[in-house]
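Chemist: model_38.txt is reproduced below (compact mmCIF, C-alpha atoms).
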# COMPACT_ATOMS: atom_id res chain seq x y z
CA MET A 1 -103.53 -30.75 55.97
CA THR A 2 -104.86 -27.37 54.76
CA GLU A 3 -101.61 -25.72 55.85
CA ALA A 4 -99.56 -28.25 53.92
CA ARG A 5 -101.63 -27.64 50.79
CA GLU A 6 -101.25 -23.89 51.23
CA ARG A 7 -97.46 -24.31 51.54
CA ALA A 8 -97.51 -26.35 48.35
CA ARG A 9 -99.42 -23.54 46.60
CA VAL A 10 -96.85 -20.98 47.76
CA LEU A 11 -94.05 -23.22 46.51
CA GLY A 12 -95.89 -23.57 43.20
CA ARG A 13 -96.01 -19.76 42.87
CA ARG A 14 -92.29 -19.47 43.63
CA MET A 15 -91.41 -22.16 41.09
CA GLU A 16 -93.54 -20.38 38.52
CA MET A 17 -91.66 -17.10 39.12
CA MET A 18 -88.31 -18.88 38.93
CA ILE A 19 -89.19 -20.49 35.62
CA TYR A 20 -90.39 -17.12 34.30
CA ALA A 21 -86.93 -15.70 35.12
CA LEU A 22 -85.26 -18.67 33.44
CA ILE A 23 -87.39 -18.25 30.32
CA GLY A 24 -86.56 -14.54 30.26
CA ALA A 25 -82.83 -15.21 30.51
CA LEU A 26 -83.00 -17.88 27.79
CA VAL A 27 -85.00 -15.66 25.43
CA LEU A 28 -82.48 -12.86 25.95
CA PHE A 29 -79.55 -15.20 25.31
CA VAL A 30 -81.11 -16.64 22.15
CA ALA A 31 -82.13 -13.19 20.87
CA CYS A 32 -78.55 -11.91 21.37
CA GLY A 33 -77.13 -14.95 19.61
CA LEU A 34 -79.46 -14.59 16.64
CA TRP A 35 -78.82 -10.86 16.40
CA VAL A 36 -75.06 -11.37 16.37
CA ALA A 37 -75.35 -14.22 13.82
CA TRP A 38 -77.45 -12.08 11.51
CA SER A 39 -75.56 -8.80 11.90
CA ASP A 40 -72.00 -10.18 11.87
CA PRO A 41 -71.93 -13.67 10.33
CA GLY A 42 -68.17 -13.43 9.77
CA TRP A 43 -67.37 -13.01 13.46
CA THR A 44 -69.97 -15.63 14.40
CA GLY A 45 -68.44 -18.11 11.95
CA GLN A 46 -64.96 -17.59 13.41
CA PHE A 47 -66.38 -17.96 16.94
CA ILE A 48 -67.97 -21.28 16.03
CA LEU A 49 -64.79 -22.57 14.39
CA ASP A 50 -62.73 -21.54 17.44
CA ARG A 51 -65.15 -23.31 19.80
CA LEU A 52 -64.96 -26.47 17.73
CA GLY A 53 -61.16 -26.32 17.49
CA LEU A 54 -61.19 -26.20 13.70
CA PRO A 55 -58.38 -24.55 11.67
CA LYS A 56 -58.49 -20.75 11.64
CA SER A 57 -57.89 -20.80 7.91
CA ALA A 58 -61.39 -22.23 7.39
CA ARG A 59 -64.25 -19.86 6.71
CA LEU A 60 -67.96 -20.33 7.18
CA SER A 61 -70.22 -18.73 4.58
CA GLU A 62 -73.08 -16.44 5.53
CA PRO A 63 -75.87 -18.95 4.65
CA THR A 64 -74.10 -21.63 6.73
CA VAL A 65 -73.85 -19.33 9.76
CA ARG A 66 -77.51 -18.45 9.41
CA LEU A 67 -78.50 -22.11 9.08
CA LEU A 68 -76.52 -22.85 12.25
CA ALA A 69 -78.29 -19.97 13.98
CA VAL A 70 -81.68 -21.39 12.93
CA ALA A 71 -80.70 -24.86 14.23
CA PHE A 72 -79.63 -23.27 17.52
CA ALA A 73 -82.90 -21.31 17.70
CA LEU A 74 -84.97 -24.45 17.03
CA GLN A 75 -83.33 -26.33 19.87
CA ALA A 76 -83.76 -23.32 22.14
CA ALA A 77 -87.44 -23.18 21.09
CA LEU A 78 -87.90 -26.77 22.28
CA MET A 79 -86.33 -25.90 25.61
CA LEU A 80 -88.53 -22.79 25.89
CA TRP A 81 -91.65 -24.83 25.09
CA GLY A 82 -90.76 -27.33 27.81
CA LEU A 83 -90.15 -24.55 30.34
CA HIS A 84 -93.42 -22.85 29.36
CA VAL A 85 -95.43 -26.04 29.92
CA LEU A 86 -93.65 -26.68 33.23
CA ARG A 87 -94.44 -23.10 34.29
CA ARG A 88 -98.14 -23.74 33.46
CA ALA A 89 -98.05 -26.89 35.59
CA PHE A 90 -96.75 -24.94 38.59
CA HIS A 91 -99.25 -22.16 37.86
CA GLU A 92 -102.02 -24.76 38.07
CA ILE A 93 -100.64 -26.00 41.40
CA ALA A 94 -100.43 -22.44 42.73
CA LEU A 95 -103.97 -21.64 41.59
CA ASN A 96 -105.81 -24.80 42.57
CA ASP A 97 -104.16 -27.66 44.36
CA ILE A 98 -100.97 -29.68 44.32
CA VAL A 99 -103.02 -32.72 43.40
CA GLY A 100 -104.97 -32.11 40.22
CA ALA A 101 -105.60 -33.82 36.92
CA ARG A 102 -104.66 -30.74 34.91
CA SER A 103 -101.32 -30.12 36.64
CA ALA A 104 -100.52 -33.83 36.24
CA ARG A 105 -101.24 -33.66 32.52
CA LEU A 106 -99.06 -30.55 32.13
CA MET A 107 -96.21 -32.13 34.12
CA ARG A 108 -96.32 -35.19 31.83
CA LEU A 109 -96.38 -32.96 28.74
CA SER A 110 -93.38 -30.95 29.96
CA GLY A 111 -91.50 -34.22 30.49
CA THR A 112 -92.33 -35.27 26.94
CA VAL A 113 -91.11 -31.95 25.53
CA PHE A 114 -87.88 -32.17 27.52
CA LEU A 115 -87.47 -35.71 26.19
CA LEU A 116 -87.75 -34.29 22.66
CA ASN A 117 -85.16 -31.70 23.64
CA ALA A 118 -82.85 -34.44 24.89
CA ALA A 119 -83.25 -36.18 21.52
CA ALA A 120 -82.44 -32.87 19.80
CA MET A 121 -79.29 -32.59 21.94
CA VAL A 122 -78.17 -35.97 20.63
CA LEU A 123 -78.95 -35.01 17.02
CA ALA A 124 -77.33 -31.56 17.27
CA PRO A 125 -73.64 -32.53 16.90
CA PRO A 126 -74.14 -34.55 13.66
CA LEU A 127 -76.32 -31.78 12.21
CA VAL A 128 -73.91 -29.00 13.16
CA SER A 129 -70.91 -30.93 11.81
CA LEU A 130 -72.75 -31.60 8.53
CA LEU A 131 -73.65 -27.91 8.15
CA ILE A 132 -70.11 -26.77 8.91
CA SER A 133 -68.66 -29.36 6.53
CA ILE A 134 -70.48 -27.69 3.61
CA ASP A 135 -67.87 -24.89 3.65
CA LEU A 136 -64.83 -26.98 4.45
CA PRO A 137 -62.51 -28.43 1.81
CA ALA A 138 -63.04 -32.11 0.92
CA GLY A 139 -60.27 -33.44 3.15
CA GLN A 140 -61.47 -31.55 6.25
CA ARG A 141 -65.14 -32.53 6.29
CA PHE A 142 -66.28 -34.43 9.36
CA LEU A 143 -69.27 -35.93 11.11
CA ALA A 144 -69.51 -35.61 14.88
CA ILE A 145 -71.48 -38.00 17.05
CA SER A 146 -71.61 -37.38 20.76
CA PHE A 147 -73.47 -38.69 23.79
CA SER A 148 -72.26 -37.21 27.05
CA THR A 149 -73.49 -36.88 30.64
CA ALA A 150 -75.44 -33.73 29.65
CA GLU A 151 -77.64 -35.73 27.28
CA LEU A 152 -77.96 -38.54 29.81
CA LEU A 153 -78.98 -36.07 32.51
CA ALA A 154 -81.54 -34.50 30.17
CA LEU A 155 -83.01 -37.96 29.45
CA VAL A 156 -83.17 -38.85 33.16
CA VAL A 157 -84.78 -35.53 34.12
CA SER A 158 -87.39 -35.71 31.35
CA GLY A 159 -88.20 -39.33 32.22
CA THR A 160 -88.58 -38.37 35.87
CA LEU A 161 -90.98 -35.56 34.95
CA ILE A 162 -93.11 -37.96 32.88
CA VAL A 163 -93.27 -40.52 35.70
CA PHE A 164 -93.99 -37.80 38.26
CA GLY A 165 -96.85 -36.59 36.06
CA HIS A 166 -98.31 -40.12 36.07
CA LEU A 167 -98.02 -40.30 39.85
CA LEU A 168 -99.75 -36.92 40.21
CA ALA A 169 -102.57 -38.16 37.98
CA VAL A 170 -103.07 -41.24 40.17
CA ALA A 171 -102.93 -39.07 43.30
CA ALA A 172 -105.58 -36.79 41.76
CA GLU A 173 -107.87 -39.81 41.21
CA VAL A 174 -107.36 -40.95 44.82
CA ASP A 175 -108.01 -37.42 46.07
CA ASP A 176 -111.20 -37.19 44.01
CA ASP A 177 -112.30 -40.54 45.42
CA ASN A 178 -111.68 -39.31 48.97
CA ARG A 179 -113.67 -36.14 48.36
CA HIS A 180 -116.67 -38.35 47.59
CA ILE A 181 -116.39 -40.11 50.93
CA ILE A 182 -118.34 -38.12 53.51
CA MET B 1 -126.69 -48.82 44.00
CA PRO B 2 -127.70 -51.67 46.37
CA ILE B 3 -127.16 -49.49 49.49
CA VAL B 4 -130.08 -47.13 50.05
CA VAL B 5 -129.77 -44.16 52.42
CA ASN B 6 -132.89 -43.45 54.44
CA LEU B 7 -131.58 -40.28 56.08
CA ASP B 8 -134.48 -38.13 54.90
CA ILE B 9 -136.91 -40.52 56.62
CA MET B 10 -135.01 -40.25 59.91
CA LEU B 11 -134.82 -36.46 59.58
CA ALA B 12 -138.59 -36.33 59.11
CA ARG B 13 -139.13 -38.58 62.17
CA ARG B 14 -136.91 -36.42 64.36
CA LYS B 15 -138.37 -33.24 62.82
CA MET B 16 -134.93 -31.93 62.03
CA ARG B 17 -133.81 -30.00 58.96
CA SER B 18 -130.81 -31.00 56.84
CA LYS B 19 -129.14 -27.65 57.47
CA GLU B 20 -129.41 -28.15 61.24
CA LEU B 21 -128.04 -31.69 61.12
CA ALA B 22 -125.17 -30.66 58.83
CA ALA B 23 -124.16 -27.89 61.24
CA LYS B 24 -124.34 -30.23 64.24
CA ILE B 25 -122.22 -33.00 62.73
CA GLY B 26 -119.74 -30.65 61.03
CA ILE B 27 -120.23 -31.37 57.36
CA THR B 28 -121.47 -29.08 54.60
CA GLU B 29 -125.11 -29.03 53.58
CA GLN B 30 -124.04 -30.01 50.08
CA ASN B 31 -122.29 -33.15 51.36
CA LEU B 32 -125.30 -34.06 53.46
CA SER B 33 -127.51 -33.63 50.41
CA LEU B 34 -125.20 -35.94 48.43
CA LEU B 35 -125.41 -38.47 51.25
CA LYS B 36 -129.23 -38.30 51.35
CA SER B 37 -129.43 -38.91 47.62
CA GLY B 38 -126.92 -41.76 47.82
CA LYS B 39 -124.47 -40.07 45.46
CA VAL B 40 -121.43 -40.60 47.68
CA ARG B 41 -118.83 -43.33 47.33
CA GLY B 42 -118.64 -44.01 51.04
CA VAL B 43 -119.34 -42.83 54.56
CA ARG B 44 -116.76 -42.67 57.31
CA PHE B 45 -117.64 -44.43 60.55
CA SER B 46 -117.02 -41.16 62.40
CA THR B 47 -119.63 -39.37 60.28
CA LEU B 48 -122.11 -42.24 60.69
CA ALA B 49 -121.54 -42.19 64.47
CA ARG B 50 -122.20 -38.44 64.68
CA ILE B 51 -125.40 -38.77 62.61
CA CYS B 52 -126.64 -41.61 64.82
CA ALA B 53 -125.84 -39.60 67.96
CA GLU B 54 -127.76 -36.56 66.70
CA LEU B 55 -130.76 -38.50 65.37
CA ASP B 56 -130.73 -41.03 68.23
CA CYS B 57 -130.84 -44.00 65.89
CA GLN B 58 -128.87 -47.01 64.70
CA PRO B 59 -126.86 -47.28 61.47
CA GLY B 60 -129.42 -49.83 60.28
CA ASP B 61 -132.09 -47.13 60.50
CA LEU B 62 -130.10 -45.03 58.04
CA LEU B 63 -128.73 -47.63 55.65
CA GLU B 64 -130.62 -50.37 53.88
CA TYR B 65 -129.43 -53.06 51.50
CA ARG B 66 -131.60 -53.76 48.47
CA PRO B 67 -130.12 -56.32 46.08
CA GLY B 68 -129.82 -54.95 42.58
CA PRO B 69 -127.34 -54.02 39.84
CA GLU B 70 -124.47 -51.74 40.88
CA GLU B 71 -124.10 -48.46 38.98
CA ASP B 72 -120.87 -47.99 37.01
CA GLU B 73 -118.50 -45.88 39.03
CA THR B 74 -116.82 -43.34 36.77
Taking this structure as input, can you express it in the form of structure tokens?
Modeler:
Amino acid sequence: MTEARERARVLGRRMEMMIYALIGALVLFVACGLWVAWSDPGWTGQFILDRLGLPKSARLSEPTVRLLAVAFALQAALMLWGLHVLRRAFHEIALNDIVGARSARLMRLSGTVFLLNAAAMVLAPPLVSLLISIDLPAGQRFLAISFSTAELLALVVSGTLIVFGHLLAVAAEVDDDNRHII
Amino acid sequence: MPIVVNLDIMLARRKMRSKELAAKIGITEQNLSLLKSGKVRGVRFSTLARICAELDCQPGDLLEYRPGPEEDET
């Protein structure tokens, strides 16, 4: 049993390192995106219009590009927060035990944050389309609403994390009970 | 707690120290101390059997039931 718990601790450490790497990559990606948006809003605006398949004749103003960059950064911040809390949960498992009240609480919190992120993913297309429409002529304005498998997957994963956190909390109570049986 | 643990009485009768008994039955001194003070939630039969073997007694010599209110388990 001790060996199994030790293996769980090692796995917790590895997961923590992996999430650190993921956070690093995401921070780098977001930082690059923000830097490009701020330093060359013209190019960034064209890039966004190309990605959305909008007419090349359209132009996005500098404030619009920067607002879009802020919206992008806010959603990335939610994702980073979720990853940070998940990393802390695995850190707790690596430090103490796989079954613990604190790691359970952190797992549940990370699930909640990822759920917020999933909600943000659903709200992003309407927000982005509204921001872009500010600079488009009256006849070309649009409102996008989208719900794809990516959002569904995000909802399922976040829900799973929340439920798993609950299960860990119950397991921690049972473990604590067993420790008090000599 | 209605169940009273009389382990300290048996230890005194057999002139054995807690530390010695804990080492012989394979539990920590801290756990034995918790057992003596009745602050445990339960005792495994295997632990009870080892204590009885070492102290040459019956489980009834160690555990006593005194009717009374149960403490809230938190």
Chemist: Pick out the closest residue to Ala172 in chain A from this set: A:Ser103, A:Gln140, A:Gln75, A:Asn117. Count all atoms listed in the file.
Modeler: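 Among A:Ser103, A:Gln140, A:Gln75, A:Asn117, it is A:Ser103 that comes nearest to Ala172 in chain A.
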Chemist: Identify, on the basis of all atoms listed in the file, every residue whose closest approach to Ala23 in chain B does not exceed 12 Å; exclude the query and any residue fewer than 6 positions from it along the same chain; express the result as number ranges by chain.
Modeler: B: 16-17, 29-32, 50-51, 54
Chemist: Env of range 2-10 of chain B: 9 Å cut, atoms = all atoms listed in the file, seq-sep filter 3 positions within chain, self excluded. Answer as a ChimeraX atom specification.
Modeler: /B:13-16,18,35-38,55,57,61-71
Chemist: What does the structure give for the distance between CA of Leu11 in chain A and CA of Ile93 in chain A, in Å to one decimal?
Modeler: 8.8 Å
Chemist: Restricting the calculation to all atoms listed in the file, which member of A:Ala69, A:Ile182, A:Ala120, A:Met107 is positioned closest to Val163 in chain A?
Modeler: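 Once distances to Val163 in chain A are computed over all atoms listed in the file, the minimum belongs to A:Met107.
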Chemist: Let me make sure I understand: among A:Val113, A:Leu54, A:Ile181, A:Leu95, which one has the smallest atom-to-atom distance to chain B if we use only C-alpha atoms?
Modeler: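 Using only C-alpha atoms, chain B sits closest to A:Ile181.
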